[in-house]
Amino acid sequence: MLNTLESILGPLNRESVLLCVDRTKGRSGFINHHFISYGINRQAKVVLIGLDQTFGHYHSVGMKLGHNLHKMREEGNVVFFDGTKRILPSVLGVETIFSPERGLEEFFLAVSQLLTDNCILIIDNLSVLSALGFSSRDLVLLLTKLTDQVDKLNGQMLCTVVYGESEIFINSLHRRSDLTFTVQDLSTGKSRDVSGHLNIKRRMEFGEFQAQDFHFRLEEKNVKIFPPGTSSAVL
């Protein structure tokens with residue numbers, strides 16, 4: 001049976017902190033795109049922090065999904081912080097927002113000013129900051145402060161980290177999350193009909209985590225999700 005991510009997750013009434021761990025070569029983007037659509041469909045302000053991708057990329061994918069992000073940005077329903085344009089000036093010393101010597105306080109203040117009640121904050125690739133020289137402690141402190149801000153506003157936050165971060169750091173983020181997506185390549189190798197493996201861990205009422213495993217197939221305008229072993233391509 002093929003499902004969508006929305007049907008798998010159901011209502012997200014208690015989950016405010018979401019984490020995506022990408023252990024592939026960039027195939028986890030569908031998680032970000034799903035939650036952009038999720039925010040738009042529930043008429044929440046979407047605050048998208050582009051550290052890895054441009055606004056043009058998100059608009060292009062959004063059009064395939066029926067969302068005109070350019071129009072929504074003009075209307076104030078989508079806000080985009082273009083971190084990709086701030087990285088080189090910071091490396092060259094022209095700006096300080098991404099200067100490891102100065103910490104991430106300036107970046108935190110820039111992001112927090114964009115947040116409003118019931119918004120959804122999406123950070124597309126936090127690991128970019130690791131590559132710029134920020135420590136795990138810097139990143140955990142940033143996310144802790146952003147989580148506090150989002151909680152006060154009754155909002156939600158999704159953050160993606162990629163393979164290469166230390167397991168200690170990833171586990172630390174997982175313990176702070178209500179819902180964790182881990183996207184992996186197939187252990188059996190490449191398949192034409194199956195794009196990868198998706199593990200979902202959800203924090204339950206008393207703090208324990210419940211795990212579910214799926215395979216997924218990326219399509220032009222959708223992502224199909226199904227239990228492992230139910231596709232003939234990997235049997």
# chains A, B, ... in the order shown; residues from 1 in each chain; ligands from 1

call {"tool": "residues_around", "arguments": {"residues": "segment 130-147 of chain A", "least_positions_apart": "5", "cutoff": "8 Å", "atoms": "only C-alpha atoms", "output": "ChimeraX atom specification"}}
result
/A:17,98,100,103-105,108,112,157,169,173

call {"tool": "residues_around", "arguments": {"residues": "Leu48 of chain A", "least_positions_apart": "6", "cutoff": "10 Å", "atoms": "only C-alpha atoms", "output": "list in words"}}
result
Asn32, Ile36, Phe55, Tyr58, Val78, Val79, Phe80, Phe81, Asp82, Val111, Leu114, Ile120, Leu121, Ile122, Ile123, Asp124 and Leu158 of chain A

call {"tool": "select_by_dssp", "arguments": {"residues": "segment 22-198 of chain A", "states": "helix (DSSP H, G or I)", "output": "PyMOL selection string"}}
result
chain A and resi 29-41+55-64+69-75+84-91+100-102+105-112+127-131+136-152+167-176

call {"tool": "residues_around", "arguments": {"residues": "segment 191-205 of chain A", "least_positions_apart": "2", "cutoff": "7 Å", "atoms": "only C-alpha atoms", "output": "VMD selection string"}}
result
chain A and resid 178 to 186 189 207 to 218 233

call {"tool": "atom_distance", "arguments": {"atom1": "atom CA of Arg23 of chain A", "atom2": "atom CA of Lys45 of chain A"}}
result
28.9 Å

call {"tool": "atom_distance", "arguments": {"atom1": "atom CA of Leu9 of chain A", "atom2": "atom CA of Arg73 of chain A"}}
result
27.0 Å

call {"tool": "atom_distance", "arguments": {"atom1": "atom CA of Gly155 of chain A", "atom2": "atom CA of Leu126 of chain A"}}
result
19.0 Å

call {"tool": "closest_residue", "arguments": {"among": "A:Glu6, A:Asp22, A:Glu15, A:Asp151", "to": "Cys119 of chain A", "atoms": "only C-alpha atoms"}}
result
A:Asp151

call {"tool": "select_by_dssp", "arguments": {"residues": "segment 8-235 of chain A", "states": "strand (DSSP E)", "output": "PyMOL selection string"}}
result
chain A and resi 17-22+46-50+78-82+120-123+156-162+179-184+196-203+209-218+223-226

call {"tool": "closest_residue", "arguments": {"among": "A:Ile8, A:Val162, A:Lys64, A:Ser16", "to": "Ser28 of chain A", "atoms": "only C-alpha atoms"}}
result
A:Val162
